[in-house]
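Undergrad: Take a look at work16.pdb, PDB, C-alpha atoms:
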```pdb
ATOM      1  CA  ALA H 814     134.188  94.658 100.981
ATOM      2  CA  VAL H 815     134.532  91.715 103.333
ATOM      3  CA  SER H 816     132.478  93.316 106.090
ATOM      4  CA  LEU H 817     129.854  96.006 106.599
ATOM      5  CA  ARG H 818     129.550  98.390 109.525
ATOM      6  CA  ILE H 819     125.947  99.138 110.485
ATOM      7  CA  LEU H 820     125.364 102.377 112.392
ATOM      8  CA  PHE H 821     122.167 102.400 114.463
ATOM      9  CA  SER H 822     120.221 105.581 115.253
ATOM     10  CA  ASP H 823     121.475 105.552 118.871
ATOM     11  CA  GLY H 824     125.090 105.801 117.674
ATOM     12  CA  ILE H 825     126.031 102.165 118.369
ATOM     13  CA  SER H 826     127.608 100.306 115.459
ATOM     14  CA  ALA H 827     128.018  96.623 114.600
ATOM     15  CA  ALA H 828     130.093  94.812 111.980
ATOM     16  CA  ILE H 829     128.643  91.989 109.900
ATOM     17  CA  ASP H 830     130.318  89.884 107.237
ATOM     18  CA  GLU H 831     127.456  88.024 105.550
ATOM     19  CA  VAL H 832     124.053  88.341 103.932
ATOM     20  CA  ILE H 833     121.294  85.869 104.745
ATOM     21  CA  ALA H 834     119.441  86.285 101.429
ATOM     22  CA  TRP H 835     119.714  88.462  98.357
ATOM     23  CA  ASN H 836     118.585  88.922  94.771
ATOM     24  CA  ARG H 837     120.892  91.063  92.719
ATOM     25  CA  TRP H 838     118.436  91.547  89.842
ATOM     26  CA  GLN H 839     115.542  92.419  92.142
ATOM     27  CA  ASP H 840     117.893  94.791  94.030
ATOM     28  CA  TRP H 841     117.482  93.681  97.650
ATOM     29  CA  ALA H 842     119.519  91.971 100.362
ATOM     30  CA  LEU H 843     118.679  90.768 103.887
ATOM     31  CA  LEU H 844     121.219  91.223 106.666
ATOM     32  CA  SER H 845     121.242  89.572 110.077
ATOM     33  CA  LEU H 846     121.790  92.269 112.682
ATOM     34  CA  PRO H 847     123.008  91.516 116.204
ATOM     35  CA  ARG H 848     120.477  93.809 117.896
ATOM     36  CA  THR H 849     116.871  92.760 118.255
ATOM     37  CA  LYS H 850     115.291  95.589 120.272
ATOM     38  CA  GLY H 851     112.221  97.119 118.618
ATOM     39  CA  PRO H 852     110.051  98.760 117.673
ATOM     40  CA  PHE H 853     110.063  97.267 114.179
ATOM     41  CA  LEU H 854     108.109  98.134 111.075
ATOM     42  CA  LYS H 855     105.285  95.766 110.232
ATOM     43  CA  ARG H 856     105.150  94.147 106.812
ATOM     44  CA  ALA H 857     101.896  95.064 105.024
ATOM     45  CA  ALA H 858      99.378  92.247 104.717
ATOM     46  CA  ASN H 859      97.922  93.558 101.444
ATOM     47  CA  PHE H 860      99.532  94.442  98.139
ATOM     48  CA  VAL H 861      99.502  98.061  97.055
ATOM     49  CA  ASN H 862      97.830  99.321  93.910
ATOM     50  CA  VAL H 863      98.200 102.295  91.617
ATOM     51  CA  GLY H 864      96.722 105.324  93.366
ATOM     52  CA  ASP H 865      97.456 104.094  96.915
ATOM     53  CA  HIS H 866      98.862 106.805  99.163
ATOM     54  CA  CYS H 867     102.278 105.933 100.587
ATOM     55  CA  VAL H 868     105.150 107.893 102.138
ATOM     56  CA  PHE H 869     108.887 107.507 102.534
ATOM     57  CA  LEU H 870     111.578 109.284 104.495
ATOM     58  CA  GLU H 871     113.463 111.686 102.267
ATOM     59  CA  LYS H 872     116.879 112.149 103.806
ATOM     60  CA  GLY H 873     119.025 115.097 102.929
ATOM     61  CA  THR H 874     121.920 117.137 104.202
ATOM     62  CA  SER H 875     119.508 119.598 105.813
ATOM     63  CA  GLY H 876     117.473 116.919 107.602
ATOM     64  CA  SER H 877     114.742 114.395 106.956
ATOM     65  CA  ARG H 878     111.052 114.660 106.117
ATOM     66  CA  LEU H 879     108.191 112.425 105.078
ATOM     67  CA  THR H 880     107.620 112.636 101.334
ATOM     68  CA  ASP H 881     104.635 111.686  99.189
ATOM     69  CA  GLY H 882     105.244 108.214  97.784
ATOM     70  CA  THR H 883     101.852 107.751  96.158
ATOM     71  CA  ILE H 884     102.026 104.920  93.643
ATOM     72  CA  THR H 885     101.552 106.330  90.150
ATOM     73  CA  GLY H 886     102.230 103.144  88.231
ATOM     74  CA  LYS H 887     103.701  99.660  88.129
ATOM     75  CA  ASN H 888     106.097  98.165  85.647
ATOM     76  CA  THR H 889     107.581  94.703  85.224
ATOM     77  CA  PHE H 890     111.069  94.257  83.808
ATOM     78  CA  PRO H 891     112.757  91.111  82.498
ATOM     79  CA  ARG H 892     114.785  89.454  85.284
ATOM     80  CA  ALA H 893     114.295  92.433  87.643
ATOM     81  CA  GLY H 894     110.594  91.879  88.234
ATOM     82  CA  GLU H 895     107.991  94.409  89.291
ATOM     83  CA  ARG H 896     108.732  98.007  90.286
ATOM     84  CA  LEU H 897     106.404 100.558  91.823
ATOM     85  CA  LEU H 898     106.579 104.034  90.281
ATOM     86  CA  LEU H 899     106.253 106.822  92.847
ATOM     87  CA  VAL H 900     105.085 110.405  92.498
ATOM     88  CA  SER H 901     108.075 111.987  94.282
ATOM     89  CA  ALA H 902     111.776 111.734  93.562
ATOM     90  CA  ALA H 903     114.080 110.154  96.131
ATOM     91  CA  THR H 904     117.487 111.372  97.199
ATOM     92  CA  GLU H 905     120.556 109.079  97.117
ATOM     93  CA  MET H 906     120.374 108.936 100.924
ATOM     94  CA  SER H 907     116.757 107.674 100.770
ATOM     95  CA  ILE H 908     117.645 104.643  98.615
ATOM     96  CA  GLY H 909     117.132 101.440 100.591
ATOM     97  CA  GLY H 910     114.613 102.969 102.994
ATOM     98  CA  PRO H 911     111.058 101.678 103.468
ATOM     99  CA  LEU H 912     108.000 102.745 101.505
ATOM    100  CA  LEU H 913     105.125 102.903 104.026
ATOM    101  CA  ASP H 914     101.397 102.652 103.392
ATOM    102  CA  GLU H 915      98.843 104.891 105.124
ATOM    103  CA  PHE H 916      98.865 102.566 108.168
ATOM    104  CA  GLY H 917     102.657 102.773 108.632
ATOM    105  CA  ASP H 918     103.269  99.229 107.344
ATOM    106  CA  TYR H 919     106.078  98.734 104.861
ATOM    107  CA  VAL H 920     105.080  97.891 101.307
ATOM    108  CA  GLY H 921     108.333  98.417  99.425
ATOM    109  CA  ILE H 922     111.981  99.424  99.393
ATOM    110  CA  ILE H 923     112.942 102.781  97.875
ATOM    111  CA  GLY H 924     115.330 102.417  94.947
ATOM    112  CA  GLY H 925     114.992  99.322  92.885
ATOM    113  CA  THR H 926     117.258  99.578  89.882
ATOM    114  CA  ILE H 927     116.547  97.250  86.986
ATOM    115  CA  LEU H 928     120.197  96.544  86.152
ATOM    116  CA  PRO H 929     122.640  95.299  88.801
ATOM    117  CA  GLY H 930     125.128  98.034  89.682
ATOM    118  CA  ALA H 931     123.151 100.833  88.020
ATOM    119  CA  SER H 932     122.253 104.059  89.796
ATOM    120  CA  ALA H 933     118.662 104.155  91.019
ATOM    121  CA  MET H 934     118.731 107.923  90.444
ATOM    122  CA  ARG H 935     119.287 107.472  86.673
ATOM    123  CA  MET H 936     116.866 104.606  86.002
ATOM    124  CA  LEU H 937     113.812 106.780  85.322
ATOM    125  CA  ASP H 938     115.811 108.933  82.913
ATOM    126  CA  LEU H 939     116.837 105.808  80.996
ATOM    127  CA  LEU H 940     113.215 104.674  80.863
ATOM    128  CA  GLY H 941     111.885 108.079  79.776
ATOM    129  CA  GLU H 942     110.067 108.115  76.468
ATOM    130  CA  GLY H 943     110.789 111.794  75.801
ATOM    131  CA  ARG H 944     114.268 111.278  74.373
ATOM    132  CA  SER H 945     114.608 112.509  70.846
ATOM    133  CA  LEU H 946     117.220 111.398  68.329
ATOM    134  CA  LYS H 947     116.445 114.460  66.193
ATOM    135  CA  GLY H 948     117.742 117.033  68.669
ATOM    136  CA  GLY H 949     114.423 117.678  70.387
ATOM    137  CA  PRO H 950     114.025 118.225  74.110
ATOM    138  CA  ILE H 951     114.931 115.513  76.576
ATOM    139  CA  VAL H 952     112.205 114.865  79.132
ATOM    140  CA  TYR H 953     113.410 113.945  82.603
ATOM    141  CA  GLU H 954     111.094 111.967  84.841
ATOM    142  CA  ASN H 955     110.652 113.321  88.354
ATOM    143  CA  GLY H 956     109.869 110.352  90.510
ATOM    144  CA  ALA H 957     111.315 107.268  92.137
ATOM    145  CA  MET H 958     110.923 103.534  91.936
ATOM    146  CA  ALA H 959     110.486 101.002  94.716
ATOM    147  CA  VAL H 960     110.822  97.239  94.966
ATOM    148  CA  PRO H 961     107.484  95.798  96.175
ATOM    149  CA  ILE H 962     107.924  94.012  99.495
ATOM    150  CA  SER H 963     106.191  90.996  97.919
ATOM    151  CA  GLN H 964     109.490  90.261  96.112
ATOM    152  CA  VAL H 965     111.408  89.943  99.405
ATOM    153  CA  PRO H 966     110.985  86.659 101.335
ATOM    154  CA  GLU H 967     109.067  86.910 104.573
ATOM    155  CA  GLY H 968     110.785  85.668 107.715
ATOM    156  CA  ALA H 969     114.311  84.415 108.201
ATOM    157  CA  PRO H 970     115.645  82.082 105.497
ATOM    158  CA  THR H 971     116.244  78.502 106.566
ATOM    159  CA  SER H 972     119.703  78.297 104.972
ATOM    160  CA  ALA H 973     122.877  79.723 106.458
ATOM    161  CA  GLY H 974     124.130  83.126 105.348
ATOM    162  CA  THR H 975     126.734  83.723 102.668
ATOM    163  CA  SER H 976     129.876  85.655 103.527
ATOM    164  CA  LEU H 977     130.695  88.819 101.618
ATOM    165  CA  LYS H 978     134.097  87.279 100.922
ATOM    166  CA  GLU H 979     132.379  84.319  99.194
ATOM    167  CA  LEU H 980     130.137  86.648  97.171
ATOM    168  CA  ASP H 981     133.229  88.537  96.032
ATOM    169  CA  ARG H 982     134.964  85.274  95.088
ATOM    170  CA  ARG H 983     131.929  84.310  92.953
ATOM    171  CA  GLY H 984     132.090  87.662  91.124
ATOM    172  CA  GLU H 985     128.784  88.968  92.526
ATOM    173  CA  PHE H 986     130.198  92.469  93.130
ATOM    174  CA  LEU H 987     131.205  94.982  90.508
ATOM    175  CA  PRO H 988     134.889  95.864  90.746
ATOM    176  CA  PRO H 989     135.461  99.363  92.137
ATOM    177  CA  VAL H 990     135.982 102.125  89.612
ATOM    178  CA  THR H 991     138.955 104.276  90.462
ATOM    179  CA  LYS H 992     139.452 107.838  89.337
ATOM    180  CA  SER H 993     141.943 108.232  86.518
ATOM    181  CA  GLY H 994     143.043 111.181  84.406
ATOM    182  CA  LEU H 995     143.225 108.790  81.439
ATOM    183  CA  ILE H 996     139.474 108.135  81.333
ATOM    184  CA  GLY H 997     137.161 110.919  80.193
ATOM    185  CA  PHE H 998     133.938 108.895  80.162
ATOM    186  CA  ALA H 999     132.989 105.320  81.077
ATOM    187  CA  GLN H1000     129.790 103.339  81.205
ATOM    188  CA  LEU H1001     128.861  99.847  82.415
ATOM    189  CA  ALA H1002     126.193  97.942  80.548
ATOM    190  CA  VAL H1003     124.676  94.500  80.385
ATOM    191  CA  ALA H1004     123.015  93.362  77.177
ATOM    192  CA  THR H1005     121.560  90.005  78.173
ATOM    193  CA  TRP H1006     117.877  90.870  77.871
TER     194      TRP H1006
END
```
What's the structure tokens form of this structure?
TA:
Amino acid sequence: AVSLRILFSDGISAAIDEVIAWNRWQDWALLSLPRTKGPFLKRAANFVNVGDHCVFLEKGTSGSRLTDGTITGKNTFPRAGERLLLVSAATEMSIGGPLLDEFGDYVGIIGGTILPGASAMRMLDLLGEGRSLKGGPIVYENGAMAVPISQVPEGAPTSAGTSLKELDRRGEFLPPVTKSGLIGFAQLAVATW
């Protein structure tokens, strides 16, 4: 992509062609949007801990609702950094949304894969310890991860943005996978741990 179209809740859209900051391994990007009318979410002043009650907006085809995002654990991954483990699972449409503390301040970003290009919905399954090589049951985790807001820089970066075209030229994006009748199964992996 060389541009992104942002659709605001009032139906107005805007096109942008650059990011002002990003970290592919930490799974976040900051965009400069042309609209500045609030209200805006407030960044939490304190870090969250295991057991803290949080919520996030679970979006689905039938509507949206606040979902329990209580922090059940924390984990740190090589290159990807810290992730918050949440009690409730997130839908694909919730990925990228804010994790809010009990005061309505944002403390994290829902999603947070640990491998660039991987599906946030499959990460907990890959991390599950219930897999058995001897044919036993496979245990699926029911939860979500979030990137702590402490990993995202506060305030606008001092350097100029980088165009999506430049990021593509550098090879920052994964090439699109196209459907083919010749491929029965495919998987992308990085083994640089």
Undergrad: Can you work out the spacing between atom CA of Asp823 of chain H and atom CA of Leu913 of chain H in Å, to one decimal?
TA: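 Going from atom CA of Asp823 of chain H over to atom CA of Leu913 of chain H covers 22.2 Å.
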Undergrad: Which is closest to Ala903 of chain H among H:Gly956, H:Gly925, H:Gly876, H:Pro891, if we use all atoms listed in the file?
TA: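 Distance minimum relative to Ala903 of chain H lands on H:Gly956.
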Undergrad: Going by the chain IDs and residue numbers used in this file, which residues fall under the PyMOL selection byres ((chain H and resi 888) around 12)? Write them as a count of residues only.
TA: 24
Undergrad: Can you measure atom CA of Lys850 of chain H to atom CA of Val832 of chain H for me? One decimal in Å is fine.
TA: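 Straight-line distance from atom CA of Lys850 of chain H to atom CA of Val832 of chain H works out to 19.9 Å.
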Undergrad: Between atom CA of Gly851 of chain H and atom CA of Ile829 of chain H, measure the distance and give it in Å to one decimal.
TA: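 Taking atom CA of Gly851 of chain H and atom CA of Ile829 of chain H, their separation equals 19.3 Å.
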Undergrad: Expand the PyMOL selection byres ((chain H and resi 918) around 6) into the explicit residue set it covers here, and present it as a PyMOL selection string.
TA: chain H and resi 855-857+913-914+916-917+919
Undergrad: Identify the residues within 8 Å of coordinate (111.5, 100.0, 102.7) (same frame as the file), considering only C-alpha atoms, and give the answer as a compact mmCIF listing (two decimals) with C-alpha atoms, in the frame of the given file.
TA:
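This is the output file selection_24.txt:
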```
# COMPACT_ATOMS: atom_id res chain seq x y z
CA PHE H 869 108.89 107.51 102.53
CA GLY H 909 117.13 101.44 100.59
CA GLY H 910 114.61 102.97 102.99
CA PRO H 911 111.06 101.68 103.47
CA LEU H 912 108.00 102.74 101.50
CA LEU H 913 105.12 102.90 104.03
CA TYR H 919 106.08 98.73 104.86
CA VAL H 920 105.08 97.89 101.31
CA GLY H 921 108.33 98.42 99.42
CA ILE H 922 111.98 99.42 99.39
CA ILE H 923 112.94 102.78 97.88
CA ILE H 962 107.92 94.01 99.50
```
Undergrad: Let me make sure I understand: among H:Ala828, H:Val900, H:Ala834, H:Val861, which one has the smallest atom-to-atom distance to Glu915 of chain H if we use all atoms listed in the file?
TA: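 Once distances to Glu915 of chain H are computed over all atoms listed in the file, the minimum belongs to H:Val861.
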Undergrad: For Asp865 of chain H, which residue among H:Gly882, H:Ser877, H:Arg982, H:Ala842 is the nearest when counting all atoms listed in the file?
TA: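 The answer is H:Gly882, which sits nearest to Asp865 of chain H.
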Undergrad: Tell me which of H:Ile908, H:Ser826, H:Gln839, H:Arg818 sits closest to Pro966 of chain H, counting only C-alpha atoms.
TA: H:Gln839
Undergrad: Mind working out the centre and edge lengths of an axis-aligned box for segment 838-844 of chain H, all listed atoms inside, 6 Å added to each side, rounded to one decimal in Å and written as lines of an AutoDock Vina configuration file?
TA:
```
center_x = 118.4
center_y = 92.8
center_z = 98.3
size_x = 17.7
size_y = 16.0
size_z = 28.8
```
Undergrad: Enumerate, as an MDAnalysis selection string, the residues matched when the PyMOL selection byres ((chain H and resi 974) around 12) is run on the file above.
TA: chainID H and resid 829:835 842:846 969:973 975:980
Undergrad: Nearest residue to Ala902 of chain H out of H:Pro929, H:Ala957, H:Gly984, H:Pro847, using all atoms listed in the file?
TA: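 Using all atoms listed in the file, the shortest distance to Ala902 of chain H belongs to H:Ala957.
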Undergrad: My list of candidates is H:Arg837, H:Leu817, H:Thr874, H:Gly824. Which is closest to Phe986 of chain H when distances are computed with all atoms listed in the file?
TA: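 Going through H:Arg837, H:Leu817, H:Thr874, H:Gly824 one by one, the smallest distance to Phe986 of chain H is for H:Arg837.
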